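To be precise, the following lines are work.cif, and they hold mmCIF, C-alpha atoms (C1' of nucleotides).
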```cif
data_protein
#
loop_
_atom_site.label_atom_id
_atom_site.label_comp_id
_atom_site.auth_asym_id
_atom_site.auth_seq_id
_atom_site.Cartn_x
_atom_site.Cartn_y
_atom_site.Cartn_z
CA MET A 1 0.00 0.00 0.00
CA LEU A 2 1.03 3.54 -0.76
CA SER A 3 1.44 5.35 2.56
CA LYS A 4 -0.31 8.63 3.24
CA LYS A 5 3.14 10.11 3.54
CA ALA A 6 3.97 9.20 -0.06
CA LYS A 7 0.63 10.44 -1.29
CA TYR A 8 1.19 13.75 0.51
CA ALA A 9 4.67 13.95 -0.99
CA LEU A 10 3.32 13.51 -4.52
CA LYS A 11 0.53 16.02 -4.00
CA ALA A 12 2.99 18.59 -2.68
CA LEU A 13 5.38 17.98 -5.57
CA PHE A 14 2.55 18.47 -8.04
CA VAL A 15 1.91 21.88 -6.52
CA LEU A 16 5.60 22.73 -6.73
CA ALA A 17 5.77 21.44 -10.31
CA LYS A 18 2.87 23.61 -11.40
CA ASP A 19 4.69 26.53 -9.83
CA TYR A 20 8.08 25.60 -11.28
CA GLY A 21 10.15 28.67 -12.17
CA SER A 22 8.51 30.96 -9.63
CA GLU A 23 9.74 31.70 -6.13
CA ALA A 24 9.90 29.15 -3.33
CA LEU A 25 6.56 28.15 -1.79
CA LEU A 26 5.81 28.08 1.92
CA ILE A 27 5.10 24.77 3.68
CA GLY A 28 2.03 26.33 5.22
CA ASP A 29 0.59 27.34 1.88
CA ILE A 30 1.11 23.90 0.32
CA ALA A 31 -0.28 22.21 3.40
CA GLU A 32 -3.39 24.34 3.38
CA LYS A 33 -3.98 23.92 -0.33
CA GLU A 34 -3.73 20.12 -0.24
CA ASN A 35 -5.18 19.54 3.22
CA ILE A 36 -1.98 18.07 4.62
CA PRO A 37 -1.04 18.39 8.33
CA LYS A 38 1.63 21.09 8.29
CA LYS A 39 4.08 19.46 10.65
CA PHE A 40 3.82 16.18 8.79
CA LEU A 41 4.48 17.89 5.48
CA GLU A 42 7.50 19.56 7.04
CA ALA A 43 9.16 16.18 7.62
CA ILE A 44 8.20 14.99 4.15
CA LEU A 45 9.67 17.96 2.33
CA LEU A 46 12.79 17.69 4.45
CA ASP A 47 13.23 14.10 3.29
CA LEU A 48 12.81 15.15 -0.31
CA LYS A 49 15.34 17.94 0.21
CA ASN A 50 17.89 15.59 1.77
CA GLN A 51 17.51 13.29 -1.23
CA GLY A 52 18.22 16.07 -3.71
CA ILE A 53 14.69 16.58 -5.04
CA LEU A 54 14.02 19.95 -3.42
CA TYR A 55 15.94 23.02 -2.27
CA SER A 56 14.91 25.09 0.70
CA ARG A 57 15.54 28.53 2.09
CA ARG A 58 15.11 29.39 5.70
CA GLY A 59 14.12 32.68 7.21
CA LYS A 60 11.79 35.38 6.20
CA THR A 61 11.92 34.79 2.43
CA GLY A 62 12.13 31.04 2.81
CA GLY A 63 10.24 28.16 1.31
CA TYR A 64 10.65 25.10 -0.88
CA GLY A 65 11.18 24.63 -4.60
CA LEU A 66 12.07 21.90 -7.10
CA LEU A 67 15.79 21.33 -7.58
CA LYS A 68 15.20 19.67 -10.96
CA THR A 69 12.66 20.22 -13.70
CA PRO A 70 9.29 18.43 -13.47
CA GLU A 71 10.42 16.31 -16.42
CA GLN A 72 13.40 15.02 -14.44
CA ILE A 73 11.54 13.85 -11.36
CA THR A 74 9.73 10.51 -11.56
CA ILE A 75 7.01 9.03 -9.39
CA GLY A 76 9.29 6.06 -8.85
CA GLN A 77 12.02 8.20 -7.31
CA VAL A 78 9.60 9.86 -4.92
CA ILE A 79 7.96 6.65 -3.76
CA ARG A 80 11.33 5.02 -3.18
CA ILE A 81 12.47 7.96 -1.03
CA ILE A 82 9.35 8.00 1.10
CA ASP A 83 8.20 4.37 1.20
CA GLY A 84 11.36 2.49 0.26
CA PRO A 85 11.93 -0.12 -2.46
CA LEU A 86 9.15 -0.98 -4.90
CA ALA A 87 9.53 -4.75 -4.54
CA TRP A 88 6.99 -6.65 -2.45
CA VAL A 89 9.74 -8.79 -0.94
CA PRO A 90 13.34 -7.82 -0.04
CA CYS A 91 14.70 -10.69 -2.14
CA ALA A 92 13.13 -9.26 -5.31
CA ARG A 93 14.75 -5.83 -5.05
CA GLN A 94 16.92 -4.39 -7.80
CA ASN A 95 18.98 -2.46 -5.27
CA GLY A 96 19.32 -3.47 -1.65
CA TYR A 97 18.67 -7.15 -2.21
CA GLN A 98 18.20 -9.14 0.96
CA PRO A 99 17.63 -12.89 1.11
CA CYS A 100 14.62 -14.25 2.97
CA ASP A 101 15.14 -15.63 6.45
CA GLU A 102 14.55 -19.26 5.72
CA CYS A 103 14.52 -19.71 1.96
CA GLU A 104 17.07 -22.42 1.44
CA ASP A 105 17.07 -22.27 -2.34
CA VAL A 106 16.87 -18.55 -3.08
CA GLU A 107 17.89 -19.03 -6.70
CA ASN A 108 14.88 -21.17 -7.57
CA CYS A 109 12.32 -19.66 -5.20
CA SER A 110 9.17 -19.20 -7.24
CA ILE A 111 7.88 -16.44 -4.98
CA ARG A 112 11.05 -14.45 -5.59
CA ILE A 113 10.91 -15.02 -9.35
CA THR A 114 7.27 -14.03 -9.59
CA MET A 115 7.65 -11.01 -7.34
CA ARG A 116 10.64 -9.92 -9.36
CA LYS A 117 8.44 -9.80 -12.44
CA VAL A 118 5.93 -7.68 -10.54
CA ARG A 119 8.68 -5.33 -9.36
CA ASP A 120 10.03 -4.92 -12.88
CA ALA A 121 6.60 -4.18 -14.33
CA THR A 122 5.95 -1.68 -11.55
CA ALA A 123 9.30 0.07 -11.96
CA GLU A 124 8.76 0.27 -15.71
CA ILE A 125 5.62 2.30 -15.11
CA LEU A 126 6.66 4.42 -12.14
CA ASP A 127 10.13 5.26 -13.44
CA ASN A 128 8.65 6.46 -16.71
CA THR A 129 6.03 8.72 -15.22
CA THR A 130 7.30 12.19 -14.32
CA LEU A 131 5.83 15.06 -12.37
CA ALA A 132 5.35 16.82 -15.70
CA ASP A 133 3.34 13.84 -16.97
CA CYS A 134 1.14 13.98 -13.90
CA VAL A 135 0.49 17.70 -14.15
CA ARG A 136 -0.38 17.23 -17.81
CA MET A 137 -2.65 14.31 -16.94
CA GLU A 138 -4.66 16.38 -14.51
CA LYS A 139 -5.00 19.29 -16.88
CA ALA A 140 -5.94 17.25 -19.94
CA PRO A 141 -7.03 13.85 -18.73
CA ILE A 142 -7.07 10.84 -21.00
CA ASP A 143 -10.40 10.11 -22.62
CA TRP A 144 -10.99 6.52 -21.56
CA SER A 145 -14.06 6.10 -23.75
CA ILE A 146 -11.95 5.96 -26.92
CA MET B 147 4.94 -5.39 0.97
CA LEU B 148 3.94 -9.00 0.96
CA SER B 149 3.05 -9.94 4.52
CA LYS B 150 4.66 -12.90 6.22
CA LYS B 151 1.19 -14.34 6.44
CA ALA B 152 0.86 -14.37 2.65
CA LYS B 153 4.32 -15.82 2.20
CA TYR B 154 3.49 -18.58 4.68
CA ALA B 155 0.23 -19.24 2.83
CA LEU B 156 2.03 -19.64 -0.48
CA LYS B 157 4.71 -21.90 0.99
CA ALA B 158 2.06 -24.09 2.57
CA LEU B 159 0.09 -24.27 -0.67
CA PHE B 160 3.22 -25.31 -2.57
CA VAL B 161 3.62 -28.21 -0.18
CA LEU B 162 -0.02 -29.18 -0.66
CA ALA B 163 0.28 -28.80 -4.44
CA LYS B 164 3.29 -31.11 -4.59
CA ASP B 165 1.26 -33.60 -2.60
CA TYR B 166 -1.92 -33.16 -4.64
CA GLY B 167 -3.88 -36.38 -5.03
CA SER B 168 -2.60 -37.94 -1.84
CA GLU B 169 -4.21 -37.84 1.57
CA ALA B 170 -4.73 -34.67 3.58
CA LEU B 171 -1.63 -33.23 5.27
CA LEU B 172 -1.37 -32.21 8.90
CA ILE B 173 -0.86 -28.58 9.88
CA GLY B 174 1.97 -29.66 12.14
CA ASP B 175 3.83 -31.41 9.34
CA ILE B 176 3.52 -28.47 6.97
CA ALA B 177 4.53 -26.03 9.68
CA GLU B 178 7.60 -28.04 10.58
CA LYS B 179 8.65 -28.53 6.98
CA GLU B 180 8.43 -24.85 6.10
CA ASN B 181 9.43 -23.40 9.47
CA ILE B 182 6.10 -21.71 10.06
CA PRO B 183 4.68 -21.12 13.56
CA LYS B 184 2.01 -23.80 13.83
CA LYS B 185 -0.67 -21.67 15.42
CA PHE B 186 -0.19 -18.94 12.86
CA LEU B 187 -0.45 -21.42 10.02
CA GLU B 188 -3.65 -22.71 11.56
CA ALA B 189 -5.29 -19.31 11.08
CA ILE B 190 -3.91 -19.02 7.57
CA LEU B 191 -5.18 -22.39 6.38
CA LEU B 192 -8.54 -21.64 7.97
CA ASP B 193 -8.79 -18.48 5.87
CA LEU B 194 -7.92 -20.42 2.74
CA LYS B 195 -10.51 -23.04 3.60
CA ASN B 196 -13.22 -20.44 4.17
CA GLN B 197 -12.44 -18.98 0.75
CA GLY B 198 -12.84 -22.30 -0.99
CA ILE B 199 -9.19 -23.04 -1.69
CA LEU B 200 -8.76 -25.89 0.77
CA TYR B 201 -10.82 -28.61 2.40
CA SER B 202 -10.19 -29.87 5.90
CA ARG B 203 -11.02 -32.94 7.89
CA ARG B 204 -11.19 -32.91 11.63
CA GLY B 205 -10.36 -35.73 13.96
CA LYS B 206 -7.84 -38.47 13.98
CA THR B 207 -7.41 -38.81 10.22
CA GLY B 208 -7.78 -35.11 9.66
CA GLY B 209 -5.71 -32.58 7.79
CA TYR B 210 -5.79 -30.15 4.89
CA GLY B 211 -5.83 -30.62 1.13
CA LEU B 212 -6.39 -28.63 -2.05
CA LEU B 213 -10.01 -28.29 -3.12
CA LYS B 214 -8.96 -27.50 -6.70
CA THR B 215 -6.10 -28.63 -8.89
CA PRO B 216 -2.77 -26.76 -8.68
CA GLU B 217 -3.50 -25.44 -12.18
CA GLN B 218 -6.70 -23.77 -10.99
CA ILE B 219 -5.23 -21.83 -8.07
CA THR B 220 -3.35 -18.62 -8.84
CA ILE B 221 -0.93 -16.60 -6.75
CA GLY B 222 -3.22 -13.61 -7.25
CA GLN B 223 -6.15 -15.39 -5.62
CA VAL B 224 -4.09 -16.36 -2.61
CA ILE B 225 -2.57 -12.92 -2.06
CA ARG B 226 -5.98 -11.27 -2.33
CA ILE B 227 -7.41 -13.63 0.29
CA ILE B 228 -4.59 -13.06 2.74
CA ASP B 229 -3.42 -9.50 2.10
CA GLY B 230 -6.40 -7.98 0.33
CA PRO B 231 -6.57 -6.11 -2.98
CA LEU B 232 -3.47 -5.82 -5.17
CA ALA B 233 -3.84 -2.07 -5.77
CA TRP B 234 -1.59 0.34 -3.89
CA VAL B 235 -4.47 2.73 -3.31
CA PRO B 236 -8.15 1.94 -2.69
CA CYS B 237 -9.20 4.19 -5.58
CA ALA B 238 -7.24 2.04 -8.07
CA ARG B 239 -8.93 -1.25 -7.22
CA GLN B 240 -10.74 -3.36 -9.79
CA ASN B 241 -13.15 -4.64 -7.16
CA GLY B 242 -13.95 -2.78 -3.98
CA TYR B 243 -13.18 0.68 -5.31
CA GLN B 244 -13.07 3.38 -2.66
CA PRO B 245 -12.49 7.08 -3.35
CA CYS B 246 -9.72 8.91 -1.51
CA ASP B 247 -10.66 11.09 1.44
CA GLU B 248 -9.95 14.46 -0.07
CA CYS B 249 -9.39 13.95 -3.80
CA GLU B 250 -11.82 16.43 -5.28
CA ASP B 251 -11.32 15.33 -8.89
CA VAL B 252 -11.09 11.55 -8.67
CA GLU B 253 -11.62 11.14 -12.40
CA ASN B 254 -8.48 13.05 -13.36
CA CYS B 255 -6.26 12.20 -10.38
CA SER B 256 -2.87 11.30 -11.81
CA ILE B 257 -1.96 9.21 -8.80
CA ARG B 258 -5.05 7.08 -9.32
CA ILE B 259 -4.40 6.73 -13.06
CA THR B 260 -0.78 5.75 -12.56
CA MET B 261 -1.51 3.36 -9.74
CA ARG B 262 -4.24 1.78 -11.79
CA LYS B 263 -1.65 0.93 -14.44
CA VAL B 264 0.54 -0.63 -11.77
CA ARG B 265 -2.35 -2.67 -10.44
CA ASP B 266 -3.25 -3.94 -13.90
CA ALA B 267 0.32 -4.95 -14.66
CA THR B 268 0.57 -6.69 -11.30
CA ALA B 269 -2.72 -8.53 -11.71
CA GLU B 270 -1.71 -9.64 -15.20
CA ILE B 271 1.31 -11.41 -13.71
CA LEU B 272 -0.14 -12.77 -10.49
CA ASP B 273 -3.43 -13.97 -11.98
CA ASN B 274 -1.55 -15.91 -14.64
CA THR B 275 0.82 -17.68 -12.31
CA THR B 276 -0.61 -20.85 -10.78
CA LEU B 277 0.55 -23.14 -8.01
CA ALA B 278 1.45 -25.64 -10.71
CA ASP B 279 3.64 -23.02 -12.40
CA CYS B 280 5.43 -22.37 -9.13
CA VAL B 281 6.04 -26.03 -8.40
CA ARG B 282 7.39 -26.46 -11.92
CA MET B 283 9.57 -23.36 -11.50
CA GLU B 284 11.20 -24.74 -8.39
CA LYS B 285 11.80 -28.13 -9.93
CA ALA B 286 13.15 -26.88 -13.25
CA PRO B 287 14.07 -23.23 -12.82
CA ILE B 288 14.33 -20.90 -15.77
CA ASP B 289 17.82 -20.47 -17.15
CA TRP B 290 18.25 -16.69 -17.00
CA SER B 291 21.51 -16.73 -18.91
CA ILE B 292 19.76 -17.47 -22.18
"C1'" DG C 293 -11.28 -41.93 24.85
"C1'" DT C 294 -7.94 -39.76 22.12
"C1'" DA C 295 -5.89 -37.26 18.52
"C1'" DT C 296 -6.81 -33.53 15.84
"C1'" DT C 297 -8.93 -29.43 14.09
"C1'" DT C 298 -11.44 -25.18 15.24
"C1'" DC C 299 -12.36 -21.05 17.56
"C1'" DG C 300 -12.27 -17.21 20.82
"C1'" DC C 301 -9.50 -14.32 23.50
"C1'" DT C 302 -5.26 -12.10 24.80
"C1'" DT C 303 -0.59 -10.41 24.34
"C1'" DT C 304 3.37 -8.52 22.13
"C1'" DT C 305 5.63 -6.09 18.56
"C1'" DT C 306 5.82 -3.09 14.72
"C1'" DT C 307 4.40 0.63 11.86
"C1'" DG C 308 1.99 4.74 10.26
"C1'" DG C 309 0.30 9.01 11.31
"C1'" DA C 310 0.34 13.10 13.83
"C1'" DG C 311 1.88 16.67 16.87
"C1'" DA C 312 4.84 19.53 20.48
"C1'" DG C 313 8.69 22.09 21.36
"C1'" DC C 314 12.90 24.18 20.68
"C1'" DA C 315 16.92 25.32 17.64
"C1'" DT C 316 18.60 27.59 13.59
"C1'" DT C 317 18.60 30.68 9.73
"C1'" DT C 318 17.28 34.89 7.25
"C1'" DA C 319 15.59 39.55 6.37
"C1'" DG C 320 14.06 43.73 7.90
"C1'" DT C 321 14.27 47.51 11.18
"C1'" DA C 322 15.31 50.60 14.91
"C1'" DT D 323 24.85 46.47 15.87
"C1'" DA D 324 21.07 44.40 18.16
"C1'" DC D 325 16.52 42.89 18.07
"C1'" DT D 326 12.47 40.68 16.16
"C1'" DA D 327 9.45 38.28 13.08
"C1'" DA D 328 9.09 34.51 10.06
"C1'" DA D 329 10.50 30.62 8.07
"C1'" DT D 330 12.78 25.80 8.01
"C1'" DG D 331 15.54 21.98 10.82
"C1'" DC D 332 15.49 18.62 14.13
"C1'" DT D 333 14.33 15.56 18.03
"C1'" DC D 334 11.26 13.48 20.89
"C1'" DT D 335 6.80 11.64 22.19
"C1'" DC D 336 2.33 9.81 21.71
"C1'" DC D 337 -1.63 7.32 19.78
"C1'" DA D 338 -4.05 3.97 16.97
"C1'" DA D 339 -4.11 0.22 14.09
"C1'" DA D 340 -2.28 -3.82 12.16
"C1'" DA D 341 0.74 -7.82 12.17
"C1'" DA D 342 2.40 -11.73 14.50
"C1'" DA D 343 2.11 -14.99 17.88
"C1'" DG D 344 0.38 -17.58 21.89
"C1'" DC D 345 -3.05 -19.88 25.26
"C1'" DG D 346 -6.65 -22.65 26.26
"C1'" DA D 347 -11.21 -24.45 25.66
"C1'" DA D 348 -14.61 -26.57 22.46
"C1'" DA D 349 -15.91 -29.55 18.70
"C1'" DT D 350 -15.28 -33.56 15.82
"C1'" DA D 351 -14.09 -38.03 13.84
"C1'" DC D 352 -12.22 -42.36 14.53
#
```
What is this structure when it is put down as structure tokens?
Amino acid sequence: MLSKKAKYALKALFVLAKDYGSEALLIGDIAEKENIPKKFLEAILLDLKNQGILYSRRGKTGGYGLLKTPEQITIGQVIRIIDGPLAWVPCARQNGYQPCDECEDVENCSIRITMRKVRDATAEILDNTTLADCVRMEKAPIDWSI
Amino acid sequence: MLSKKAKYALKALFVLAKDYGSEALLIGDIAEKENIPKKFLEAILLDLKNQGILYSRRGKTGGYGLLKTPEQITIGQVIRIIDGPLAWVPCARQNGYQPCDECEDVENCSIRITMRKVRDATAEILDNTTLADCVRMEKAPIDWSI
DNA sequence: GTATTTCGCTTTTTTGGAGAGCATTTAGTA
DNA sequence: TACTAAATGCTCTCCAAAAAAGCGAAATAC
């Protein structure tokens, strides 16, 4: 499951992406706009800053802004920062592989093999969807009836 | 993340699938073989029985067995029974759709649209992988070097 | 009567979500 | 220079819910 934290992070980044190029935005303003608890959002944006997604300025003219363009930031990156690896099991991770506790034959474990396929399919989608894509999607949504 | 409960369920079903056609197996034997806490496995197998995957016999000659063939039971079914829907967000579910708390424009929500793609890709894999496939995989694993 | 499953209840541990409080930085101003 | 207002940075704590596990009594089939 996607945590609320990750959902908040994405929502906040969408706001920042729409505002890309302007001045830094205040935590309080983003929080109010997206109905996110301010203190919670504070920790989230700090995480994103520490991982090189955002810059911040303290003090009177402070705020947060994107450090890269909306085209350069993917949903996959964000979710990994907030919620960790995409794989359903540690032994199916691309990075940070960890064997299961008791799997004796990791190489031939069918759970690992199947979950690896799921991870790859998921990464394919999330790593190829950018903030810019999302903003575009919400402005001009796909017509599903076609 | 795949819960331990679901992983235990799959491991236990693999054992039952390999033994398909023979007599019912005891919880204790399965638990010992796969290093699963017996009492925990008890609850798991009960869930699977109540969802029509397994049959059980009480008493001296009791035990558990598959109610369908290993070809008819998919990983997707099992995970849904134990861990619930495959979708990362309730608003991306195929069955049991639930709108987000504060999403005003559910129709055009880019998170929902993206997560729906992930769910569909995941379901495609998990609903087309059966217990029989898994047993086969572990006996004659795919040669990845080709 | 006995071995075995089933079921209800409780406990422990982990995690997610949220918030409080103080420290630090910055800009403006007297 | 010194002070203050306004913003982020950081640490700690708490609460609720879920996951994981355990205990013991009841039901069932031989």
When you look at DT321 in chain C with a cut-off of 12 Å (counting all atoms listed in the file), what residues show up, excluding the ones that are within fewer than 2 positions of it in the same chain? I need them as a list in words.
DA319 of chain C; DT323, DA324, DC325, DT326 and DA327 of chain D
Show me, as a Markdown table, the residues of chain C having an atom within 6 Å of chain B, each with the closest atom pair and its distance in Å, using only C-alpha atoms (C1' of nucleotides).
```
| residue | atom | partner | partner_atom | distance |
| --- | --- | --- | --- | --- |
| C:DA295 | C1' | B:Lys206 | CA | 5.1 |
| C:DT296 | C1' | B:Gly205 | CA | 4.6 |
| C:DT297 | C1' | B:Arg204 | CA | 4.8 |
```
Select, counting all atoms listed in the file, all protein, DNA and RNA residues no farther than 7 Å from (-3.3, -17.6, -1.4) in file coordinates, and express the selection as a PyMOL selection string.
chain B and resi 152+155-156+194+221+223-228
With C-alpha atoms retained, could you export that selection as a CSV table (one decimal), in the coordinates of the input?
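Result went into result37.csv, see below:
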```csv
chain,number,residue,atom,x,y,z
B,152,ALA,CA,0.9,-14.4,2.6
B,155,ALA,CA,0.2,-19.2,2.8
B,156,LEU,CA,2.0,-19.6,-0.5
B,194,LEU,CA,-7.9,-20.4,2.7
B,221,ILE,CA,-0.9,-16.6,-6.8
B,223,GLN,CA,-6.2,-15.4,-5.6
B,224,VAL,CA,-4.1,-16.4,-2.6
B,225,ILE,CA,-2.6,-12.9,-2.1
B,226,ARG,CA,-6.0,-11.3,-2.3
B,227,ILE,CA,-7.4,-13.6,0.3
B,228,ILE,CA,-4.6,-13.1,2.7
```
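The shortest atom-to-atom distance to chain B, with all atoms listed in the file taken into account, belongs to D:DC352 out of D:DA329, D:DC336, D:DC352, D:DC345.
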I'd like the superposed chain A, fitted onto chain B by least squares over all Cα atoms in order, as a short mmCIF file (atom, residue, chain, number, x, y, z; two decimals) with C-alpha atoms, keeping the file's coordinate frame.
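The resulting out28.cif:
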```cif
data_model
loop_
_atom_site.label_atom_id
_atom_site.label_comp_id
_atom_site.auth_asym_id
_atom_site.auth_seq_id
_atom_site.Cartn_x
_atom_site.Cartn_y
_atom_site.Cartn_z
CA MET A 1 4.97 -5.39 0.94
CA LEU A 2 4.00 -9.03 0.94
CA SER A 3 3.15 -9.98 4.52
CA LYS A 4 4.76 -12.96 6.20
CA LYS A 5 1.28 -14.39 6.41
CA ALA A 6 0.92 -14.40 2.63
CA LYS A 7 4.37 -15.84 2.16
CA TYR A 8 3.55 -18.62 4.63
CA ALA A 9 0.28 -19.25 2.80
CA LEU A 10 2.07 -19.65 -0.53
CA LYS A 11 4.74 -21.91 0.93
CA ALA A 12 2.10 -24.13 2.52
CA LEU A 13 0.10 -24.28 -0.71
CA PHE A 14 3.22 -25.31 -2.61
CA VAL A 15 3.62 -28.23 -0.23
CA LEU A 16 -0.03 -29.17 -0.69
CA ALA A 17 0.27 -28.80 -4.47
CA LYS A 18 3.26 -31.12 -4.63
CA ASP A 19 1.22 -33.60 -2.63
CA TYR A 20 -1.95 -33.11 -4.67
CA GLY A 21 -3.93 -36.34 -5.04
CA SER A 22 -2.65 -37.92 -1.83
CA GLU A 23 -4.32 -37.80 1.56
CA ALA A 24 -4.80 -34.65 3.61
CA LEU A 25 -1.67 -33.24 5.26
CA LEU A 26 -1.39 -32.26 8.91
CA ILE A 27 -0.87 -28.61 9.88
CA GLY A 28 1.97 -29.69 12.13
CA ASP A 29 3.80 -31.45 9.34
CA ILE A 30 3.53 -28.51 6.94
CA ALA A 31 4.54 -26.09 9.66
CA GLU A 32 7.60 -28.11 10.55
CA LYS A 33 8.66 -28.59 6.95
CA GLU A 34 8.44 -24.89 6.08
CA ASN A 35 9.46 -23.46 9.45
CA ILE A 36 6.12 -21.75 10.03
CA PRO A 37 4.72 -21.17 13.56
CA LYS A 38 2.04 -23.85 13.85
CA LYS A 39 -0.66 -21.74 15.42
CA PHE A 40 -0.13 -19.01 12.86
CA LEU A 41 -0.39 -21.49 10.01
CA GLU A 42 -3.60 -22.78 11.54
CA ALA A 43 -5.28 -19.39 11.07
CA ILE A 44 -3.88 -19.07 7.56
CA LEU A 45 -5.14 -22.42 6.35
CA LEU A 46 -8.50 -21.70 7.93
CA ASP A 47 -8.75 -18.51 5.89
CA LEU A 48 -7.89 -20.39 2.73
CA LYS A 49 -10.50 -23.02 3.60
CA ASN A 50 -13.20 -20.41 4.21
CA GLN A 51 -12.42 -18.90 0.81
CA GLY A 52 -12.84 -22.22 -0.99
CA ILE A 53 -9.18 -22.97 -1.70
CA LEU A 54 -8.76 -25.83 0.76
CA TYR A 55 -10.85 -28.56 2.38
CA SER A 56 -10.23 -29.83 5.87
CA ARG A 57 -11.07 -32.83 7.97
CA ARG A 58 -11.11 -32.78 11.70
CA GLY A 59 -10.36 -35.59 14.08
CA LYS A 60 -7.95 -38.41 14.06
CA THR A 61 -7.60 -38.75 10.27
CA GLY A 62 -7.81 -35.03 9.70
CA GLY A 63 -5.71 -32.57 7.79
CA TYR A 64 -5.80 -30.14 4.88
CA GLY A 65 -5.86 -30.60 1.13
CA LEU A 66 -6.39 -28.58 -2.06
CA LEU A 67 -10.01 -28.21 -3.12
CA LYS A 68 -8.98 -27.42 -6.70
CA THR A 69 -6.12 -28.57 -8.89
CA PRO A 70 -2.79 -26.72 -8.68
CA GLU A 71 -3.51 -25.40 -12.18
CA GLN A 72 -6.70 -23.72 -10.96
CA ILE A 73 -5.23 -21.80 -8.05
CA THR A 74 -3.36 -18.58 -8.83
CA ILE A 75 -0.92 -16.56 -6.77
CA GLY A 76 -3.21 -13.60 -7.26
CA GLN A 77 -6.14 -15.35 -5.60
CA VAL A 78 -4.06 -16.33 -2.59
CA ILE A 79 -2.54 -12.90 -2.05
CA ARG A 80 -5.94 -11.24 -2.31
CA ILE A 81 -7.37 -13.59 0.33
CA ILE A 82 -4.55 -13.05 2.78
CA ASP A 83 -3.37 -9.49 2.13
CA GLY A 84 -6.37 -7.95 0.37
CA PRO A 85 -6.56 -6.09 -2.95
CA LEU A 86 -3.48 -5.80 -5.16
CA ALA A 87 -3.86 -2.07 -5.78
CA TRP A 88 -1.58 0.33 -3.92
CA VAL A 89 -4.47 2.72 -3.33
CA PRO A 90 -8.16 1.94 -2.68
CA CYS A 91 -9.21 4.18 -5.57
CA ALA A 92 -7.27 2.05 -8.07
CA ARG A 93 -8.96 -1.24 -7.19
CA GLN A 94 -10.78 -3.35 -9.75
CA ASN A 95 -13.17 -4.64 -7.10
CA GLY A 96 -13.95 -2.79 -3.91
CA TYR A 97 -13.19 0.66 -5.27
CA GLN A 98 -13.09 3.37 -2.65
CA PRO A 99 -12.50 7.05 -3.34
CA CYS A 100 -9.73 8.88 -1.51
CA ASP A 101 -10.67 11.06 1.43
CA GLU A 102 -9.94 14.41 -0.08
CA CYS A 103 -9.44 13.93 -3.80
CA GLU A 104 -11.87 16.38 -5.28
CA ASP A 105 -11.39 15.32 -8.88
CA VAL A 106 -11.15 11.53 -8.66
CA GLU A 107 -11.70 11.10 -12.39
CA ASN A 108 -8.58 13.02 -13.37
CA CYS A 109 -6.35 12.18 -10.40
CA SER A 110 -2.98 11.29 -11.86
CA ILE A 111 -2.02 9.19 -8.85
CA ARG A 112 -5.11 7.05 -9.35
CA ILE A 113 -4.49 6.69 -13.08
CA THR A 114 -0.86 5.74 -12.62
CA MET A 115 -1.56 3.36 -9.77
CA ARG A 116 -4.29 1.75 -11.82
CA LYS A 117 -1.72 0.93 -14.47
CA VAL A 118 0.51 -0.62 -11.82
CA ARG A 119 -2.40 -2.66 -10.45
CA ASP A 120 -3.30 -3.94 -13.90
CA ALA A 121 0.27 -4.95 -14.69
CA THR A 122 0.54 -6.69 -11.33
CA ALA A 123 -2.76 -8.54 -11.71
CA GLU A 124 -1.75 -9.64 -15.20
CA ILE A 125 1.26 -11.41 -13.74
CA LEU A 126 -0.17 -12.76 -10.49
CA ASP A 127 -3.46 -13.95 -11.97
CA ASN A 128 -1.60 -15.89 -14.64
CA THR A 129 0.79 -17.67 -12.33
CA THR A 130 -0.63 -20.84 -10.77
CA LEU A 131 0.55 -23.12 -8.01
CA ALA A 132 1.42 -25.62 -10.73
CA ASP A 133 3.61 -23.01 -12.42
CA CYS A 134 5.41 -22.35 -9.16
CA VAL A 135 6.04 -26.01 -8.41
CA ARG A 136 7.37 -26.43 -11.94
CA MET A 137 9.54 -23.34 -11.53
CA GLU A 138 11.21 -24.72 -8.44
CA LYS A 139 11.81 -28.12 -9.97
CA ALA A 140 13.15 -26.87 -13.29
CA PRO A 141 14.12 -23.25 -12.82
CA ILE A 142 14.48 -20.89 -15.73
CA ASP A 143 18.00 -20.51 -17.05
CA TRP A 144 18.50 -16.76 -16.84
CA SER A 145 21.82 -16.83 -18.66
CA ILE A 146 20.13 -17.51 -22.01
#
```
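In this structure, CA of Cys109 in chain A sits 9.8 Å away from CA of Cys91 in chain A.
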